[in-house]
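Structure file work.json; described as JSON, C-alpha atoms.
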```json
[["chain", "number", "residue", "atom", "x", "y", "z"],
["D", 1, "MET", "CA", 177.60, -6.56, 12.18],
["D", 2, "HIS", "CA", 176.72, -10.13, 11.27],
["D", 3, "ALA", "CA", 175.57, -13.00, 13.44],
["D", 4, "THR", "CA", 178.11, -15.65, 14.40],
["D", 5, "LYS", "CA", 176.56, -18.70, 12.78],
["D", 6, "LYS", "CA", 178.57, -21.37, 14.60],
["D", 7, "ILE", "CA", 176.97, -20.75, 17.98],
["D", 8, "GLY", "CA", 174.57, -23.46, 19.13],
["D", 9, "ARG", "CA", 172.23, -23.83, 22.09],
["D", 10, "ASP", "CA", 174.88, -25.02, 24.56],
["D", 11, "GLU", "CA", 177.14, -22.00, 24.01],
["D", 12, "ILE", "CA", 174.16, -19.67, 24.20],
["D", 13, "VAL", "CA", 173.33, -21.17, 27.60],
["D", 14, "GLU", "CA", 176.90, -20.50, 28.71],
["D", 15, "LEU", "CA", 176.65, -16.88, 27.54],
["D", 16, "MET", "CA", 173.39, -16.14, 29.38],
["D", 17, "PRO", "CA", 175.10, -14.67, 32.50],
["D", 18, "GLN", "CA", 176.94, -12.19, 30.22],
["D", 19, "LEU", "CA", 173.83, -10.69, 28.60],
["D", 20, "ASP", "CA", 173.25, -8.12, 31.34],
["D", 21, "SER", "CA", 175.89, -5.54, 32.26],
["D", 22, "LYS", "CA", 176.74, -1.86, 32.56],
["D", 23, "VAL", "CA", 179.16, -2.34, 29.65],
["D", 24, "PHE", "CA", 178.08, -3.44, 26.16],
["D", 25, "SER", "CA", 179.87, -6.43, 24.60],
["D", 26, "ARG", "CA", 179.92, -6.44, 20.80],
["D", 27, "ASP", "CA", 181.06, -10.07, 20.72],
["D", 28, "VAL", "CA", 178.34, -11.36, 23.04],
["D", 29, "PHE", "CA", 175.70, -9.32, 21.21],
["D", 30, "ALA", "CA", 176.82, -10.69, 17.84],
["D", 31, "LYS", "CA", 176.46, -14.24, 19.16],
["D", 32, "THR", "CA", 173.18, -13.87, 21.03],
["D", 33, "GLY", "CA", 171.32, -11.00, 19.35],
["D", 34, "ILE", "CA", 170.33, -9.45, 22.69],
["D", 35, "PHE", "CA", 172.14, -7.44, 25.35],
["D", 36, "VAL", "CA", 170.87, -5.44, 28.33],
["D", 37, "VAL", "CA", 172.91, -2.41, 29.36],
["D", 38, "ARG", "CA", 172.13, -0.81, 32.71],
["D", 39, "GLN", "CA", 171.90, 2.92, 33.47],
["D", 40, "VAL", "CA", 172.63, 4.06, 29.93],
["D", 41, "ILE", "CA", 170.65, 7.29, 30.12],
["D", 42, "PRO", "CA", 171.89, 10.06, 32.49],
["D", 43, "THR", "CA", 169.49, 10.86, 35.35],
["D", 44, "GLU", "CA", 168.82, 14.46, 34.29],
["D", 45, "THR", "CA", 168.01, 13.46, 30.71],
["D", 46, "LEU", "CA", 165.81, 10.60, 31.92],
["D", 47, "ARG", "CA", 163.77, 12.95, 34.11],
["D", 48, "GLU", "CA", 163.27, 15.34, 31.19],
["D", 49, "TRP", "CA", 162.03, 12.49, 29.00],
["D", 50, "GLN", "CA", 159.71, 11.18, 31.71],
["D", 51, "THR", "CA", 158.27, 14.66, 32.29],
["D", 52, "ALA", "CA", 157.72, 15.09, 28.55],
["D", 53, "TRP", "CA", 156.05, 11.66, 28.35],
["D", 54, "LYS", "CA", 153.71, 12.53, 31.23],
["D", 55, "GLY", "CA", 152.72, 15.76, 29.48],
["D", 56, "PHE", "CA", 152.31, 14.02, 26.12],
["D", 57, "THR", "CA", 150.05, 11.26, 27.45],
["D", 58, "GLY", "CA", 148.15, 13.77, 29.57],
["D", 59, "GLU", "CA", 147.29, 15.74, 26.44],
["D", 60, "LEU", "CA", 146.20, 12.56, 24.68],
["D", 61, "GLN", "CA", 143.91, 11.65, 27.58],
["D", 62, "ALA", "CA", 142.42, 15.14, 27.64],
["D", 63, "ALA", "CA", 141.64, 14.75, 23.93],
["D", 64, "GLY", "CA", 139.86, 11.44, 24.46],
["D", 65, "GLY", "CA", 142.78, 9.03, 24.50],
["D", 66, "ARG", "CA", 145.25, 7.75, 21.94],
["D", 67, "SER", "CA", 144.18, 6.13, 18.69],
["D", 68, "VAL", "CA", 144.63, 2.41, 19.24],
["D", 69, "ASN", "CA", 145.73, 0.31, 16.26],
["D", 70, "ARG", "CA", 143.61, -2.85, 16.37],
["D", 71, "PHE", "CA", 146.39, -4.86, 14.73],
["D", 72, "ASN", "CA", 149.18, -3.53, 16.96],
["D", 73, "PRO", "CA", 147.70, -1.90, 20.09],
["D", 74, "VAL", "CA", 151.07, -1.49, 21.85],
["D", 75, "SER", "CA", 152.34, 0.98, 19.23],
["D", 76, "VAL", "CA", 151.74, 4.68, 19.86],
["D", 77, "ASP", "CA", 150.81, 6.25, 16.51],
["D", 78, "GLU", "CA", 150.55, 9.89, 17.63],
["D", 79, "ALA", "CA", 153.59, 12.10, 17.07],
["D", 80, "PRO", "CA", 155.43, 12.82, 20.34],
["D", 81, "PRO", "CA", 156.90, 16.23, 21.25],
["D", 82, "PRO", "CA", 160.38, 17.03, 19.84],
["D", 83, "ILE", "CA", 162.26, 16.12, 23.03],
["D", 84, "LEU", "CA", 160.91, 12.57, 22.78],
["D", 85, "ALA", "CA", 161.02, 12.36, 18.98],
["D", 86, "ASP", "CA", 164.77, 13.09, 19.17],
["D", 87, "MET", "CA", 165.66, 10.45, 21.77],
["D", 88, "HIS", "CA", 167.53, 8.47, 19.10],
["D", 89, "LYS", "CA", 170.12, 11.26, 18.88],
["D", 90, "HIS", "CA", 171.36, 10.95, 22.46],
["D", 91, "PRO", "CA", 175.15, 10.38, 22.56],
["D", 92, "ALA", "CA", 174.90, 7.68, 25.24],
["D", 93, "LEU", "CA", 172.82, 5.55, 22.87],
["D", 94, "LEU", "CA", 174.96, 6.29, 19.83],
["D", 95, "ASP", "CA", 178.11, 5.36, 21.74],
["D", 96, "VAL", "CA", 176.73, 1.84, 22.18],
["D", 97, "ILE", "CA", 175.47, 1.64, 18.60],
["D", 98, "GLU", "CA", 178.90, 2.65, 17.32],
["D", 99, "GLN", "CA", 180.36, -0.38, 19.10],
["D", 100, "ALA", "CA", 177.91, -2.59, 17.21],
["D", 101, "PHE", "CA", 177.98, -0.99, 13.75],
["D", 102, "GLY", "CA", 181.06, 1.21, 13.55],
["D", 103, "PRO", "CA", 181.28, 5.00, 13.06],
["D", 104, "ASP", "CA", 178.68, 5.41, 10.29],
["D", 105, "ILE", "CA", 175.22, 5.16, 11.86],
["D", 106, "ALA", "CA", 171.74, 5.83, 10.48],
["D", 107, "LEU", "CA", 168.22, 5.78, 11.85],
["D", 108, "TYR", "CA", 165.59, 3.44, 10.45],
["D", 109, "ASN", "CA", 162.67, 4.30, 12.75],
["D", 110, "GLN", "CA", 161.64, 5.37, 16.24],
["D", 111, "ARG", "CA", 158.34, 4.71, 17.99],
["D", 112, "PHE", "CA", 156.94, 3.99, 21.44],
["D", 113, "VAL", "CA", 155.63, 0.56, 22.46],
["D", 114, "ILE", "CA", 153.56, 0.56, 25.63],
["D", 115, "LYS", "CA", 151.36, -1.60, 27.81],
["D", 116, "ASP", "CA", 148.61, 0.74, 29.02],
["D", 117, "ALA", "CA", 144.87, 0.37, 29.63],
["D", 118, "SER", "CA", 144.35, -0.20, 25.89],
["D", 119, "SER", "CA", 147.08, -2.81, 25.43],
["D", 120, "ARG", "CA", 147.16, -5.22, 28.38],
["D", 121, "THR", "CA", 147.27, -8.41, 26.33],
["D", 122, "PRO", "CA", 150.38, -10.43, 25.38],
["D", 123, "VAL", "CA", 152.27, -9.95, 22.11],
["D", 124, "PHE", "CA", 152.96, -13.21, 20.29],
["D", 125, "LEU", "CA", 156.43, -14.53, 19.51],
["D", 126, "HIS", "CA", 157.81, -12.89, 16.37],
["D", 127, "GLN", "CA", 160.83, -11.24, 14.77],
["D", 128, "ASP", "CA", 160.85, -7.63, 13.53],
["D", 129, "PHE", "CA", 162.90, -7.79, 10.35],
["D", 130, "CYS", "CA", 160.08, -9.32, 8.29],
["D", 131, "TYR", "CA", 158.22, -6.01, 8.75],
["D", 132, "HIS", "CA", 161.19, -3.85, 7.71],
["D", 133, "LYS", "CA", 162.76, -2.63, 4.47],
["D", 134, "GLY", "CA", 166.45, -2.69, 3.59],
["D", 135, "TRP", "CA", 169.02, -5.07, 5.04],
["D", 136, "PRO", "CA", 168.78, -7.24, 8.20],
["D", 137, "SER", "CA", 171.73, -5.60, 9.94],
["D", 138, "LYS", "CA", 169.45, -3.59, 12.21],
["D", 139, "LEU", "CA", 168.96, -3.42, 15.95],
["D", 140, "SER", "CA", 166.32, -2.07, 18.28],
["D", 141, "ALA", "CA", 167.26, -0.12, 21.38],
["D", 142, "PHE", "CA", 164.36, -0.56, 23.82],
["D", 143, "VAL", "CA", 164.80, 2.41, 26.15],
["D", 144, "ALA", "CA", 162.85, 2.10, 29.40],
["D", 145, "LEU", "CA", 161.02, 5.24, 30.56],
["D", 146, "SER", "CA", 159.19, 3.20, 33.21],
["D", 147, "PRO", "CA", 159.94, -0.03, 35.06],
["D", 148, "MET", "CA", 159.50, -3.16, 32.95],
["D", 149, "ASN", "CA", 159.05, -6.59, 34.49],
["D", 150, "PRO", "CA", 157.11, -9.83, 33.93],
["D", 151, "ASP", "CA", 154.11, -8.39, 35.82],
["D", 152, "ASN", "CA", 153.53, -5.33, 33.63],
["D", 153, "GLY", "CA", 154.00, -6.83, 30.19],
["D", 154, "GLY", "CA", 157.75, -7.34, 30.13],
["D", 155, "MET", "CA", 159.50, -8.55, 26.99],
["D", 156, "VAL", "CA", 160.87, -12.06, 26.52],
["D", 157, "PHE", "CA", 163.82, -12.64, 24.18],
["D", 158, "TYR", "CA", 165.12, -15.87, 22.62],
["D", 159, "PRO", "CA", 168.92, -15.40, 22.46],
["D", 160, "GLY", "CA", 170.62, -16.75, 19.36],
["D", 161, "THR", "CA", 167.50, -16.99, 17.22],
["D", 162, "HIS", "CA", 168.71, -14.11, 15.04],
["D", 163, "GLN", "CA", 171.08, -16.65, 13.52],
["D", 164, "PHE", "CA", 168.15, -18.16, 11.60],
["D", 165, "GLY", "CA", 167.81, -14.87, 9.71],
["D", 166, "TYR", "CA", 164.65, -14.03, 7.78],
["D", 167, "LEU", "CA", 162.08, -16.82, 8.17],
["D", 168, "GLY", "CA", 160.29, -16.31, 4.85],
["D", 169, "ASP", "CA", 157.05, -14.92, 6.25],
["D", 170, "ALA", "CA", 155.60, -12.76, 9.00],
["D", 171, "GLY", "CA", 153.45, -13.87, 11.91],
["D", 172, "GLN", "CA", 153.38, -15.85, 15.14],
["D", 173, "ILE", "CA", 156.44, -18.08, 15.52],
["D", 174, "ASN", "CA", 156.11, -21.55, 17.00],
["D", 175, "PRO", "CA", 158.76, -21.88, 19.76],
["D", 176, "ASP", "CA", 158.42, -25.67, 19.77],
["D", 177, "ILE", "CA", 160.54, -25.89, 16.62],
["D", 178, "LEU", "CA", 163.58, -25.01, 18.73],
["D", 179, "GLU", "CA", 165.65, -27.50, 20.65],
["D", 180, "ALA", "CA", 164.24, -28.49, 24.02],
["D", 181, "ASP", "CA", 164.99, -26.00, 26.82],
["D", 182, "TRP", "CA", 166.14, -23.23, 24.49],
["D", 183, "PRO", "CA", 167.11, -20.38, 26.87],
["D", 184, "THR", "CA", 165.02, -17.23, 27.15],
["D", 185, "LEU", "CA", 165.74, -13.85, 28.69],
["D", 186, "ALA", "CA", 162.97, -11.91, 30.47],
["D", 187, "PRO", "CA", 164.83, -8.93, 31.95],
["D", 188, "SER", "CA", 163.41, -6.51, 34.48],
["D", 189, "LEU", "CA", 164.40, -3.00, 33.42],
["D", 190, "GLU", "CA", 164.50, 0.20, 35.43],
["D", 191, "PRO", "CA", 164.09, 3.61, 33.79],
["D", 192, "GLY", "CA", 167.28, 4.44, 31.91],
["D", 193, "ASP", "CA", 168.15, 0.81, 31.20],
["D", 194, "VAL", "CA", 168.25, -0.29, 27.55],
["D", 195, "ALA", "CA", 167.77, -3.69, 25.89],
["D", 196, "PHE", "CA", 169.59, -3.88, 22.55],
["D", 197, "MET", "CA", 168.11, -6.48, 20.18],
["D", 198, "ASN", "CA", 169.03, -7.68, 16.71],
["D", 199, "SER", "CA", 165.98, -7.21, 14.47],
["D", 200, "CYS", "CA", 165.96, -10.91, 13.59],
["D", 201, "THR", "CA", 165.89, -12.04, 17.24],
["D", 202, "TRP", "CA", 162.65, -13.76, 18.24],
["D", 203, "HIS", "CA", 160.79, -12.02, 21.05],
["D", 204, "SER", "CA", 157.39, -11.61, 22.69],
["D", 205, "SER", "CA", 155.81, -9.91, 25.68],
["D", 206, "GLY", "CA", 153.53, -11.11, 28.44],
["D", 207, "PRO", "CA", 150.24, -9.62, 29.64],
["D", 208, "HIS", "CA", 150.07, -6.59, 31.89],
["D", 209, "VAL", "CA", 148.60, -7.96, 35.12],
["D", 210, "SER", "CA", 149.80, -5.40, 37.66],
["D", 211, "GLY", "CA", 152.06, -2.41, 38.19],
["D", 212, "PRO", "CA", 152.64, 0.80, 36.23],
["D", 213, "ASP", "CA", 152.18, 1.18, 32.50],
["D", 214, "ARG", "CA", 155.15, -0.24, 30.63],
["D", 215, "VAL", "CA", 156.69, 2.50, 28.48],
["D", 216, "LEU", "CA", 159.51, 1.74, 26.04],
["D", 217, "ALA", "CA", 160.99, 3.71, 23.17],
["D", 218, "ASP", "CA", 161.79, 1.34, 20.30],
["D", 219, "ILE", "CA", 164.61, 2.96, 18.32],
["D", 220, "ILE", "CA", 165.84, 1.05, 15.27],
["D", 221, "TYR", "CA", 169.42, 1.79, 14.25],
["D", 222, "GLN", "CA", 171.43, 0.48, 11.30],
["D", 223, "PRO", "CA", 174.69, 1.05, 9.42],
["D", 224, "ALA", "CA", 174.73, 4.08, 7.14],
["D", 225, "ASP", "CA", 175.21, 1.90, 4.03],
["D", 226, "ASP", "CA", 171.60, 0.68, 4.22],
["D", 227, "PRO", "CA", 169.39, 2.46, 1.65],
["D", 228, "SER", "CA", 166.42, 2.37, 4.04],
["D", 229, "GLY", "CA", 168.01, 4.89, 6.41],
["D", 230, "VAL", "CA", 165.98, 8.04, 7.07],
["D", 231, "ALA", "CA", 168.58, 10.14, 8.93],
["D", 232, "LEU", "CA", 172.36, 10.12, 9.34],
["D", 233, "LEU", "CA", 173.24, 10.14, 13.04],
["D", 234, "ARG", "CA", 177.04, 9.74, 12.99],
["D", 235, "GLY", "CA", 179.80, 9.55, 10.40],
["D", 236, "GLN", "CA", 178.98, 9.66, 6.69],
["D", 237, "TRP", "CA", 176.45, 8.08, 4.37],
["D", 238, "GLN", "CA", 177.89, 4.99, 2.72],
["D", 239, "THR", "CA", 175.15, 4.73, 0.08],
["D", 240, "ASP", "CA", 174.02, 6.91, -2.82],
["D", 241, "ILE", "CA", 170.61, 5.24, -3.18],
["D", 242, "PHE", "CA", 167.72, 5.63, -0.74],
["D", 243, "LEU", "CA", 164.44, 3.79, -0.41],
["D", 244, "SER", "CA", 163.06, 6.91, 1.25],
["D", 245, "LYS", "CA", 163.19, 8.65, -2.14],
["D", 246, "LEU", "CA", 160.83, 6.05, -3.57],
["D", 247, "ASN", "CA", 157.10, 6.04, -2.94],
["D", 248, "SER", "CA", 156.66, 2.84, -0.94],
["D", 249, "LYS", "CA", 153.11, 2.48, -2.26],
["D", 250, "ASP", "CA", 154.50, 2.29, -5.82],
["D", 251, "ILE", "CA", 157.18, -0.36, -5.24],
["D", 252, "PHE", "CA", 154.72, -3.22, -5.79],
["D", 253, "THR", "CA", 151.88, -3.27, -8.27],
["D", 254, "ARG", "CA", 150.44, -6.06, -6.12],
["D", 255, "SER", "CA", 151.78, -7.61, -2.92],
["D", 256, "ARG", "CA", 150.89, -9.93, -0.08],
["D", 257, "SER", "CA", 150.09, -6.96, 2.14],
["D", 258, "SER", "CA", 147.81, -5.28, -0.39],
["D", 259, "THR", "CA", 146.03, -8.59, -1.04],
["D", 260, "MET", "CA", 145.47, -9.11, 2.68],
["D", 261, "GLY", "CA", 144.15, -5.56, 2.95],
["D", 262, "GLU", "CA", 141.67, -6.20, 0.15],
["D", 263, "LEU", "CA", 140.49, -9.42, 1.81],
["D", 264, "GLN", "CA", 140.12, -7.67, 5.15],
["D", 265, "ARG", "CA", 137.99, -4.94, 3.60],
["D", 266, "LYS", "CA", 135.80, -7.56, 1.93],
["D", 267, "VAL", "CA", 135.30, -9.35, 5.24],
["D", 268, "GLU", "CA", 134.40, -6.09, 6.98],
["D", 269, "GLN", "CA", 131.95, -5.23, 4.19],
["D", 270, "LEU", "CA", 130.26, -8.65, 4.47],
["D", 271, "GLU", "CA", 130.02, -8.31, 8.23],
["D", 272, "SER", "CA", 128.45, -4.88, 7.83],
["D", 273, "GLU", "CA", 125.94, -6.15, 5.28],
["D", 274, "ARG", "CA", 124.98, -9.09, 7.50],
["D", 275, "ALA", "CA", 124.55, -6.81, 10.48],
["D", 276, "ALA", "CA", 122.31, -4.51, 8.43],
["D", 277, "VAL", "CA", 120.14, -7.44, 7.34],
["D", 278, "ALA", "CA", 119.90, -8.74, 10.91],
["D", 279, "ASN", "CA", 118.68, -5.35, 12.11]]
```

Let me see the structure of the file written as structure tokens.
Amino acid sequence: MHATKKIGRDEIVELMPQLDSKVFSRDVFAKTGIFVVRQVIPTETLREWQTAWKGFTGELQAAGGRSVNRFNPVSVDEAPPPILADMHKHPALLDVIEQAFGPDIALYNQRFVIKDASSRTPVFLHQDFCYHKGWPSKLSAFVALSPMNPDNGGMVFYPGTHQFGYLGDAGQINPDILEADWPTLAPSLEPGDVAFMNSCTWHSSGPHVSGPDRVLADIIYQPADDPSGVALLRGQWQTDIFLSKLNSKDIFTRSRSSTMGELQRKVEQLESERAAVAN
């Protein structure tokens, strides 16, 4: 699935009313890079997932709380129970993904992104692909296990921005480079709703100011010809080479990420030494 590169701001504005439906549109998604589908997950399955999530987070709280990543506090790093870890396999999700990518589907990654007591702050405007391996034909299915709205840290999407592709770096994007009045989508989701997003689409989230914790599963799907796939979900593998068979730490002898890590450790060491002298 490739972006339609002849779609400008005016047509995106015209497509905005079509971005939210009970039925997925491959054509609209290809043009805008975002599509909200309502009531994707059956009620019984949704209740099982919510019960499992309640038990999972209850255990984390009893053990002193989750380990919060200072660089990405919304991401849950602890391994969830099998029923939640296997959410990406649900046929209702794969039926939509098949419309986007065809019959051969692979998994890139699954995680949970939440706004809880440890992650109330906004997330800056960014795209996901610059943090991924493999090819850019990926999409995230943000599956709501709780209500999501502008009050509890809801996501904001910039339709059509996936057409710019990879931006050459990773970090906070400046929205002012876009044309004036570029449209945005800030959907309110109910449990069982899913927002499907191209991995190059620009997006952010607001602060959690009131309401329940915002709980989303972020499941990244891709065609089965991408060597970064970690599991075949439908159809057949269309590649004989796999990045997963390589040690990711050995791909680069030196990289931007490793250099930044070294600099960060030096800064922390200097701060520690200064603190020791001050005391």

Would you list the residues near (168.5, -15.4, 18.6), meaning any protein, DNA or RNA residue with an atom at most 10 Å from that point in file coordinates, counting only C-alpha atoms, as a short mmCIF file (atom, residue, chain, number, x, y, z; two decimals) with C-alpha atoms, keeping the file's coordinate frame?
```cif
data_model
loop_
_atom_site.label_atom_id
_atom_site.label_comp_id
_atom_site.auth_asym_id
_atom_site.auth_seq_id
_atom_site.Cartn_x
_atom_site.Cartn_y
_atom_site.Cartn_z
CA ALA D 3 175.57 -13.00 13.44
CA ARG D 9 172.23 -23.83 22.09
CA ILE D 12 174.16 -19.67 24.20
CA PHE D 29 175.70 -9.32 21.21
CA ALA D 30 176.82 -10.69 17.84
CA LYS D 31 176.46 -14.24 19.16
CA THR D 32 173.18 -13.87 21.03
CA GLY D 33 171.32 -11.00 19.35
CA ILE D 34 170.33 -9.45 22.69
CA GLN D 127 160.83 -11.24 14.77
CA PHE D 157 163.82 -12.64 24.18
CA TYR D 158 165.12 -15.87 22.62
CA PRO D 159 168.92 -15.40 22.46
CA GLY D 160 170.62 -16.75 19.36
CA THR D 161 167.50 -16.99 17.22
CA HIS D 162 168.71 -14.11 15.04
CA GLN D 163 171.08 -16.65 13.52
CA PHE D 164 168.15 -18.16 11.60
CA GLY D 165 167.81 -14.87 9.71
CA PRO D 183 167.11 -20.38 26.87
CA THR D 184 165.02 -17.23 27.15
CA MET D 197 168.11 -6.48 20.18
CA ASN D 198 169.03 -7.68 16.71
CA SER D 199 165.98 -7.21 14.47
CA CYS D 200 165.96 -10.91 13.59
CA THR D 201 165.89 -12.04 17.24
CA TRP D 202 162.65 -13.76 18.24
CA HIS D 203 160.79 -12.02 21.05
#
```

Neighbours of region 255-272 of chain D within 12 Å (all atoms listed in the file; same-chain residues fewer than 3 positions away dropped), as a PyMOL selection string? chain D and resi 71+130-131+169-170+248-252+275-279

Please produce a file of the residues just selected, as a PDB file, in the coordinates of the input, where the atoms kept are C-alpha atoms.
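Contents of the output file out18.pdb:
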```pdb
ATOM      1  CA  PHE D  71     146.390  -4.860  14.730  1.00  0.00           C
ATOM      2  CA  CYS D 130     160.080  -9.320   8.290  1.00  0.00           C
ATOM      3  CA  TYR D 131     158.220  -6.010   8.750  1.00  0.00           C
ATOM      4  CA  ASP D 169     157.050 -14.920   6.250  1.00  0.00           C
ATOM      5  CA  ALA D 170     155.600 -12.760   9.000  1.00  0.00           C
ATOM      6  CA  SER D 248     156.660   2.840  -0.940  1.00  0.00           C
ATOM      7  CA  LYS D 249     153.110   2.480  -2.260  1.00  0.00           C
ATOM      8  CA  ASP D 250     154.500   2.290  -5.820  1.00  0.00           C
ATOM      9  CA  ILE D 251     157.180  -0.360  -5.240  1.00  0.00           C
ATOM     10  CA  PHE D 252     154.720  -3.220  -5.790  1.00  0.00           C
ATOM     11  CA  ALA D 275     124.550  -6.810  10.480  1.00  0.00           C
ATOM     12  CA  ALA D 276     122.310  -4.510   8.430  1.00  0.00           C
ATOM     13  CA  VAL D 277     120.140  -7.440   7.340  1.00  0.00           C
ATOM     14  CA  ALA D 278     119.900  -8.740  10.910  1.00  0.00           C
ATOM     15  CA  ASN D 279     118.680  -5.350  12.110  1.00  0.00           C
TER      16      ASN D 279
END
```

Compile a residue-level contact table for region 194-246 of chain D against region 93-107 of chain D at a cut-off of 10 Å, reporting for every qualifying residue the shortest atom pair and its distance in Å to one decimal, with all atoms listed in the file counted, rows ordered by chain and ascending number, as a Markdown table.
```
| residue | atom | partner | partner_atom | distance |
| --- | --- | --- | --- | --- |
| D:Val194 | CA | D:Leu93 | CA | 8.8 |
| D:Phe196 | CA | D:Ile97 | CA | 9.0 |
| D:Ile219 | CA | D:Leu107 | CA | 7.9 |
| D:Ile220 | CA | D:Leu107 | CA | 6.3 |
| D:Tyr221 | CA | D:Leu107 | CA | 4.8 |
| D:Gln222 | CA | D:Ala106 | CA | 5.4 |
| D:Pro223 | CA | D:Ile105 | CA | 4.8 |
| D:Ala224 | CA | D:Ala106 | CA | 4.8 |
| D:Asp225 | CA | D:Asp104 | CA | 8.0 |
| D:Asp226 | CA | D:Ala106 | CA | 8.1 |
| D:Pro227 | CA | D:Ala106 | CA | 9.7 |
| D:Ser228 | CA | D:Leu107 | CA | 8.7 |
| D:Gly229 | CA | D:Leu107 | CA | 5.5 |
| D:Val230 | CA | D:Leu107 | CA | 5.7 |
| D:Ala231 | CA | D:Leu107 | CA | 5.3 |
| D:Leu232 | CA | D:Ala106 | CA | 4.5 |
| D:Leu233 | CA | D:Ala106 | CA | 5.2 |
| D:Arg234 | CA | D:Ile105 | CA | 5.1 |
| D:Gly235 | CA | D:Asp104 | CA | 4.3 |
| D:Gln236 | CA | D:Asp104 | CA | 5.6 |
| D:Trp237 | CA | D:Asp104 | CA | 6.9 |
| D:Gln238 | CA | D:Asp104 | CA | 7.6 |
```

Closest to Glu190 (chain D) among D:Trp53, D:Thr43, D:Gly64, D:Gln18, using only C-alpha atoms?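 With only C-alpha atoms as the atom set, the closest residue is D:Thr43.
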
As an exercise, work out the distance from CA of Gly153 (chain D) to CA of Ser205 (chain D) in Å and give it to one decimal place. 5.8 Å

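Residues in contact with Val76 (chain D) at 10 Å, where all atoms listed in the file are counted and same-chain residues fewer than 6 positions away are skipped, are listed as Arg66, Ser67, Val68, Asn69, Arg111, Phe112, Val113, Ile114 and Ala217 of chain D.
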
Smallest atom-to-atom distance to Val36 (chain D): which of D:Leu60, D:Leu125, D:Val143, D:Ile241, using only C-alpha atoms? D:Val143

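When CA of Lys22 (chain D) is paired with CA of Arg38 (chain D), their separation reads 4.7 Å.
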
One number please: CA of Arg214 (chain D) to CA of Asn152 (chain D), in Å, one decimal.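 CA of Asn152 (chain D) lies at a distance of 6.1 Å from CA of Arg214 (chain D).
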
Pick the closest to Thr121 (chain D) from D:Ala195, D:Leu167, D:Asn72, D:Arg274: which is it, counting all atoms listed in the file?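 The answer is D:Asn72, which sits nearest to Thr121 (chain D).
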
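Each of D:Ser75, D:Ala180, D:Met155, D:Pro187 was checked against Pro17 (chain D) using only C-alpha atoms; the smallest atom-to-atom distance is that of D:Pro187.
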
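Closest to Gly134 (chain D) among D:Phe242, D:Glu59, D:Pro150, D:Glu44 is D:Phe242, based on only C-alpha atoms.
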
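Nearest-residue note for Leu84 (chain D): choosing from D:Thr45, D:Ser244, D:Asn149, D:Ser119, the minimum distance belongs to D:Thr45, counting all atoms listed in the file.
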
Exercise on region 227-234 of chain D, axis-aligned box with 5 Å per side, report centre and edge lengths in Å to one decimal, as JSON:
```
{"center_x": 171.5, "center_y": 6.3, "center_z": 7.3, "size_x": 21.1, "size_y": 17.8, "size_z": 21.4}
```

Please list as a ChimeraX atom specification every residue within 10 Å of Ala85 (chain D), counting all atoms listed in the file and excluding residues in the same chain fewer than 3 positions away. /D:79-82,88-89,110-112,217

Could those selected residues go to a file with C-alpha atoms, as a compact mmCIF listing (two decimals), keeping the file's coordinate frame?
```txt
# COMPACT_ATOMS: atom_id res chain seq x y z
CA ALA D 79 153.59 12.10 17.07
CA PRO D 80 155.43 12.82 20.34
CA PRO D 81 156.90 16.23 21.25
CA PRO D 82 160.38 17.03 19.84
CA HIS D 88 167.53 8.47 19.10
CA LYS D 89 170.12 11.26 18.88
CA GLN D 110 161.64 5.37 16.24
CA ARG D 111 158.34 4.71 17.99
CA PHE D 112 156.94 3.99 21.44
CA ALA D 217 160.99 3.71 23.17
```

Starting from the incomplete input, reconstruct N, CA, C and O atoms of region 273-279 of chain D and write that as a JSON list (two decimals), in the coordinates of the input.
```json
[["chain", "number", "residue", "atom", "x", "y", "z"],
["D", 273, "GLU", "N", 127.18, -5.83, 6.00],
["D", 273, "GLU", "CA", 125.94, -6.15, 5.28],
["D", 273, "GLU", "C", 125.10, -7.13, 6.08],
["D", 273, "GLU", "O", 123.85, -6.99, 6.13],
["D", 274, "ARG", "N", 125.72, -8.12, 6.70],
["D", 274, "ARG", "CA", 124.98, -9.09, 7.50],
["D", 274, "ARG", "C", 124.33, -8.43, 8.72],
["D", 274, "ARG", "O", 123.21, -8.75, 9.10],
["D", 275, "ALA", "N", 125.09, -7.52, 9.33],
["D", 275, "ALA", "CA", 124.55, -6.81, 10.48],
["D", 275, "ALA", "C", 123.35, -5.96, 10.10],
["D", 275, "ALA", "O", 122.36, -5.86, 10.82],
["D", 276, "ALA", "N", 123.42, -5.34, 8.89],
["D", 276, "ALA", "CA", 122.31, -4.51, 8.43],
["D", 276, "ALA", "C", 121.07, -5.35, 8.16],
["D", 276, "ALA", "O", 119.94, -4.94, 8.48],
["D", 277, "VAL", "N", 121.27, -6.54, 7.60],
["D", 277, "VAL", "CA", 120.14, -7.44, 7.34],
["D", 277, "VAL", "C", 119.51, -7.92, 8.65],
["D", 277, "VAL", "O", 118.29, -7.99, 8.80],
["D", 278, "ALA", "N", 120.38, -8.24, 9.62],
["D", 278, "ALA", "CA", 119.90, -8.74, 10.91],
["D", 278, "ALA", "C", 119.08, -7.69, 11.65],
["D", 278, "ALA", "O", 118.16, -8.02, 12.43],
["D", 279, "ASN", "N", 119.40, -6.43, 11.43],
["D", 279, "ASN", "CA", 118.68, -5.35, 12.11],
["D", 279, "ASN", "C", 117.41, -4.94, 11.36],
["D", 279, "ASN", "O", 116.70, -4.08, 11.77]]
```
